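> Here's a structure for you.
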Amino acid sequence: GAAPSPATFLLIFAWSSIEVIRYPLYMLDVIGATPSWLVWLRYTAFIPLYPVGFITELAILYSALPIIHETGRYSLVLPNPYNFEFSMYYYLFIHMSLYVYGAPMMFLYMLKQRKRKFGGGKPSATKSE
């Protein structure tokens, strides 16, 4: 088979790095023993790792397009017993186009969460007496 691309390595690295930080934080948070450095890491590591993940996912999907198109792999063509057609090739185009909207939205959401966690968020309303 073909050797994995550098994008594949970077994608797995980015995904697993985020998870290795996130799940211990959640676990320790349940028992109230979360170290401040882990909180900082959770709300900071995404800054380089999310873009790496988004870009490498797109690179991998893009590199798969010619193979999917040539072979028809993962597609269902008519006629078939289900009377339904599905093109993985066109689905991947739609999927990739959603990154234009979804990736910045996820990144900005995490920046907002970071701001809330470390200050600088909206002040909470106080009751005047």
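Ordered as shown in the structure tokens, chains take letters A, B, and onward, while each chain numbers its residues from 1 and ligands are numbered from 1 in the order shown.
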Considering only C-alpha atoms, return as number ranges by chain whatever protein or nucleic-acid residues lie within 12 Å of Val77 of chain A, sequence-local ones (same chain, fewer than 5 positions apart) excluded.

A: 72, 82-88

> Take the residues from that selection and put them in a file with C-alpha atoms, as a PDB file, in the first residue's frame.


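See out_12.pdb below for the written result:
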ATOM      1  CA  GLY A  72     -16.504   5.283  -7.617  1.00  0.00           C
ATOM      2  CA  TYR A  82     -32.662   0.715  -3.265  1.00  0.00           C
ATOM      3  CA  ASN A  83     -33.489   3.046  -6.197  1.00  0.00           C
ATOM      4  CA  PHE A  84     -31.137   5.574  -4.618  1.00  0.00           C
ATOM      5  CA  GLU A  85     -27.948   7.200  -5.848  1.00  0.00           C
ATOM      6  CA  PHE A  86     -25.135   8.568  -3.731  1.00  0.00           C
ATOM      7  CA  SER A  87     -21.854  10.048  -4.950  1.00  0.00           C
ATOM      8  CA  MET A  88     -19.066  10.106  -2.407  1.00  0.00           C
TER       9      MET A  88
END

> Please, which residues in segment 11-82 of chain A fall within 9 Å of segment 102-115 of chain A when counting only C-alpha atoms, and what is the closest atom pair and distance in Å to one decimal for each, ordered by chain then residue number, as a Markdown table?


| residue | atom | partner | partner_atom | distance |
| --- | --- | --- | --- | --- |
| A:Trp40 | CA | A:Arg114 | CA | 8.8 |
| A:Arg42 | CA | A:Arg114 | CA | 8.9 |
| A:Tyr43 | CA | A:Arg114 | CA | 5.3 |
| A:Thr44 | CA | A:Arg114 | CA | 7.4 |
| A:Phe46 | CA | A:Met110 | CA | 7.7 |
| A:Ile47 | CA | A:Phe107 | CA | 7.9 |
| A:Tyr50 | CA | A:Phe107 | CA | 7.0 |
| A:Pro51 | CA | A:Ala103 | CA | 8.1 |
| A:Phe54 | CA | A:Ala103 | CA | 6.7 |

> Could you write those residues out with C-alpha atoms, as a compact mmCIF listing (two decimals), in the first residue's frame?


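Heads up, here's the output in result.txt:
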# COMPACT_ATOMS: atom_id res chain seq x y z
CA TRP A 40 -4.36 26.56 30.75
CA ARG A 42 -6.80 22.89 27.47
CA TYR A 43 -7.72 26.46 26.58
CA THR A 44 -4.44 27.26 24.82
CA PHE A 46 -6.19 24.44 20.47
CA ILE A 47 -4.70 27.66 19.07
CA TYR A 50 -7.16 23.31 15.54
CA PRO A 51 -5.76 24.98 12.40
CA PHE A 54 -8.56 21.63 9.82

> Rank nothing, just name the residue among A:Pro48, A:Gly120, A:Pro66, A:Pro79 nearest to Ser17 of chain A, using only C-alpha atoms.

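Smallest separation from Ser17 of chain A among the options: A:Pro48.
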
> Which of these residues is nearest to Ala45 of chain A, using only C-alpha atoms: A:Leu58, A:Ala7, A:Ile18, A:Val30?

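Between A:Leu58, A:Ala7, A:Ile18, A:Val30, the residue approaching Ala45 of chain A most closely is A:Ile18.
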
> Using atom CA of Ala59 of chain A and atom CA of Leu10 of chain A as the two end points, give the distance in Å to one decimal.

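If I compute the distance from atom CA of Ala59 of chain A to atom CA of Leu10 of chain A, I get 10.8 Å.
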
> May I have the residues within 12 Å of Ser5 of chain A as a list in words, using only C-alpha atoms and disregarding those fewer than 5 positions away in the same chain?

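The residues that qualify are Leu10, Leu11, Ile12, Thr56, Glu57, Ala59, Ile60, Leu61, Ser63 and Ala64 of chain A.
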
> Save out the residues we just selected, N, CA, C and O atoms, as a PDB file, in the first residue's frame.


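Produced file selection-v5.pdb, reproduced below:
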ATOM      1  N   LEU A  10       0.256  14.474  10.792  1.00  0.00           N
ATOM      2  CA  LEU A  10      -0.090  15.719  11.483  1.00  0.00           C
ATOM      3  C   LEU A  10      -1.527  15.709  11.986  1.00  0.00           C
ATOM      4  O   LEU A  10      -1.813  16.212  13.074  1.00  0.00           O
ATOM      5  N   LEU A  11      -2.427  15.145  11.202  1.00  0.00           N
ATOM      6  CA  LEU A  11      -3.821  15.071  11.619  1.00  0.00           C
ATOM      7  C   LEU A  11      -3.968  14.209  12.867  1.00  0.00           C
ATOM      8  O   LEU A  11      -4.617  14.618  13.842  1.00  0.00           O
ATOM      9  N   ILE A  12      -3.374  13.045  12.855  1.00  0.00           N
ATOM     10  CA  ILE A  12      -3.454  12.157  14.024  1.00  0.00           C
ATOM     11  C   ILE A  12      -2.793  12.807  15.227  1.00  0.00           C
ATOM     12  O   ILE A  12      -3.306  12.732  16.347  1.00  0.00           O
ATOM     13  N   THR A  56      -5.077  19.854   7.662  1.00  0.00           N
ATOM     14  CA  THR A  56      -4.690  18.495   7.260  1.00  0.00           C
ATOM     15  C   THR A  56      -5.909  17.656   6.881  1.00  0.00           C
ATOM     16  O   THR A  56      -5.818  16.827   5.980  1.00  0.00           O
ATOM     17  N   GLU A  57      -7.042  17.857   7.548  1.00  0.00           N
ATOM     18  CA  GLU A  57      -8.257  17.144   7.137  1.00  0.00           C
ATOM     19  C   GLU A  57      -8.609  17.506   5.703  1.00  0.00           C
ATOM     20  O   GLU A  57      -8.908  16.620   4.885  1.00  0.00           O
ATOM     21  N   ALA A  59      -6.602  18.660   3.385  1.00  0.00           N
ATOM     22  CA  ALA A  59      -5.568  18.136   2.487  1.00  0.00           C
ATOM     23  C   ALA A  59      -5.799  16.653   2.196  1.00  0.00           C
ATOM     24  O   ALA A  59      -5.673  16.206   1.050  1.00  0.00           O
ATOM     25  N   ILE A  60      -6.151  15.899   3.217  1.00  0.00           N
ATOM     26  CA  ILE A  60      -6.390  14.466   3.040  1.00  0.00           C
ATOM     27  C   ILE A  60      -7.632  14.228   2.188  1.00  0.00           C
ATOM     28  O   ILE A  60      -7.627  13.396   1.275  1.00  0.00           O
ATOM     29  N   LEU A  61      -8.699  14.965   2.481  1.00  0.00           N
ATOM     30  CA  LEU A  61      -9.919  14.827   1.676  1.00  0.00           C
ATOM     31  C   LEU A  61      -9.653  15.195   0.217  1.00  0.00           C
ATOM     32  O   LEU A  61     -10.079  14.499  -0.699  1.00  0.00           O
ATOM     33  N   SER A  63      -6.831  15.097  -1.397  1.00  0.00           N
ATOM     34  CA  SER A  63      -5.982  14.089  -2.054  1.00  0.00           C
ATOM     35  C   SER A  63      -6.762  12.818  -2.385  1.00  0.00           C
ATOM     36  O   SER A  63      -6.374  12.069  -3.282  1.00  0.00           O
ATOM     37  N   ALA A  64      -7.869  12.570  -1.676  1.00  0.00           N
ATOM     38  CA  ALA A  64      -8.684  11.383  -1.948  1.00  0.00           C
ATOM     39  C   ALA A  64      -9.631  11.578  -3.123  1.00  0.00           C
ATOM     40  O   ALA A  64     -10.100  10.594  -3.703  1.00  0.00           O
TER      41      ALA A  64
END

> Calculated over only C-alpha atoms, which of the candidates A:Leu25, A:Leu38, A:Ala14, A:Gly53 has the smallest distance to Tyr99 of chain A?

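Of A:Leu25, A:Leu38, A:Ala14, A:Gly53, the one nearest Tyr99 of chain A, counting only C-alpha atoms, is A:Gly53.
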
> For Phe118 of chain A, which of A:Val39, A:Ile67, A:Leu76, A:Ile55 is the closest residue, counting only C-alpha atoms?

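Closest to Phe118 of chain A, using only C-alpha atoms: A:Val39.
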
> Which polymer residues have any atom within 12 Å of an atom of His69 of chain A, counting only C-alpha atoms, with same-chain residues fewer than 6 positions away left out, as a ChimeraX atom specification?

/A:62-63,75,87-93

> With C-alpha atoms retained, write the just-selected residues as an mmCIF file, in the first residue's frame.


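Saved result, part-v9.cif, follows:
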data_model
loop_
_atom_site.group_PDB
_atom_site.id
_atom_site.type_symbol
_atom_site.label_atom_id
_atom_site.label_comp_id
_atom_site.auth_asym_id
_atom_site.auth_seq_id
_atom_site.Cartn_x
_atom_site.Cartn_y
_atom_site.Cartn_z
ATOM 1 C CA TYR A 62 -8.620 16.737 -1.344
ATOM 2 C CA SER A 63 -5.982 14.089 -2.054
ATOM 3 C CA SER A 75 -20.727 5.553 -4.041
ATOM 4 C CA SER A 87 -21.854 10.048 -4.950
ATOM 5 C CA MET A 88 -19.066 10.106 -2.407
ATOM 6 C CA TYR A 89 -17.116 12.367 -4.769
ATOM 7 C CA TYR A 90 -19.746 15.119 -4.671
ATOM 8 C CA TYR A 91 -20.426 14.534 -0.997
ATOM 9 C CA LEU A 92 -16.747 15.237 -0.259
ATOM 10 C CA PHE A 93 -16.963 18.528 -2.164
#

> Calculate how many Å separate atom CA of Ile21 of chain A from atom CA of Leu41 of chain A, rounding to one decimal.

7.2 Å
